[in-house]
Every structure is written in C-alpha cells, then in structure tokens.
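Reading through the structure tokens given below for one structure.
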Amino acid sequence: RAVRDDGTFDIAYDDGEAESGVPASAVRRVAGAAPPTAPTFSVGDVVEANFALEGNYYPGRVAAVGDDGSLDIAYDDGEEESGVPTSAVRRTADVDAEADDDDATAEPPPDEPPADDDDHALPLPIHEIF
C-alpha cells in the first residue's frame with residue numbers, strides 16, 4: 001500500500017530491515033498475499049495526522065468520518081482539517097508502541113546502578129563489610 005503522498009511505499013522486510021520511499025515500480029505483491037486493508041477510525045479516536053499533507057504529524061482527535069472514508073481532524077492546538085485521507089493518520093497507540101520499543105532497548109545511564117541489584121552499588125559484598 002502506498003503510504004506516502006507521492007505514491008511511494010515504506011517496506012518492512014521479513015529479515016527486520018526497513019526501507020522508506022520505495023517507488024511503486026520496485027514493489028510487487030507476493031503471490032497469495034491478501035491486499036492490505038485501510039485502517040478504520042471512529043469519531044473520538046486519539047490520533048496524529050499529517051497536517052495539510054506536509055509531512056508533519058500533530059496530535060488530535062477524529063471529529064467525523066466521511067462517507068468516502070476520509071476524516072475530519074480536530075487538532076489539539078485548535079486547528080481543524082477536513083477530508084484527511086486515512087493514509088495520513090495514525091493512532092497514537094502506534095506511536096506510543098514505537099516509543100516503548102525504543103525505551104525497551106535503552107540501557108540505564110552508566111552512573112546509575114541497576115535498580116534490581118543494590119549490591120553493585122557497594123565496592124564489597126555486604127557480608128564482607130561487617
């Protein structure tokens with residue numbers, strides 16, 4: 001599915017690699033694969049939307065769902081936008097999950113001992129101090 005306004009694709013490969021902005025001429029559907037389905041949204045969903053399709057996503061809520069599937073977005077800063085394609089909208093849970101994935105791989109700062117092992121904060125085991 002084209003996820004970019006210019007008709008290119010973002011590809012997540014089975015080996016974990018990823019590529020953005022792949023032209024349609026370089027993409028083909030795998031035999032037997034189901035066509036992708038457009039995400040569905042409901043009024044009140046918390047989302048981030050690509051304002052004016054300029055590439056910047058801003059937080060807001062779905063204010064209305066059009067008969068054609070496009071969305072009206074009420075942005076948190078008070079702006080409103082009508083007729084936004086679903087390809088330009090993502091749920092904030094998707095964004096939170098990406099942030100959580102990044103946090104899960106982050107290591108604690110080197111000057112802080114691991115929270116679950118207080119013995120590392122001491123130069124000697126406790127039984128040798130007393």
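Following the order of the structure tokens, chains are lettered A, B, ..., residues in each are numbered from 1, and ligands are numbered from 1.
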Please run DSSP on the backbone and report, as a list of chain:residue names, all residues within range 22-59 of chain A that come out as strand (DSSP E or B).
->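 Everything in range 22-59 of chain A that counts as strand (DSSP E or B) is A:Val22, A:Val46, A:Val47, A:Glu48, A:Ala49, A:Asn50, A:Tyr57, A:Tyr58, A:Pro59.
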Suppose we keep C-alpha atoms; can you now write the selection as a tab-separated table (two decimals), in the first residue's frame?
chain	number	residue	atom	x	y	z
A	22	VAL	CA	10.36	2.83	-2.41
A	46	VAL	CA	-6.96	9.84	19.54
A	47	VAL	CA	-4.65	10.19	16.54
A	48	GLU	CA	-1.77	12.04	14.96
A	49	ALA	CA	-2.45	13.41	11.50
A	50	ASN	CA	-0.23	14.75	8.73
A	57	TYR	CA	2.17	14.85	12.26
A	58	TYR	CA	0.26	16.62	15.02
A	59	PRO	CA	-1.94	15.22	17.82
Do you have the CA of Val89 in chain A-CA of Ser20 in chain A distance handy?
->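 Between these atoms lies a distance of 17.2 Å.
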So which residues touch Arg4 in chain A within 12 Å, counting only C-alpha atoms, skipping near sequence neighbours fewer than 5 positions away, as a PyMOL selection string?
-> chain A and resi 9-11+20-24+50+53-55+85-89
In Å, how far is it from CA of Glu79 in chain A to CA of Ala52 in chain A?
-> 11.0 Å
Which residue, A:Asn56, A:Ser42, A:Thr8, A:Thr92, has the smallest gap to Asp72 in chain A when you use only C-alpha atoms?
-> A:Ser42
What lies within 9 Å of Gly83 in chain A using only C-alpha atoms, ignoring chain neighbours under 5 positions off, as number ranges by chain?
-> A: 65-66, 68-73
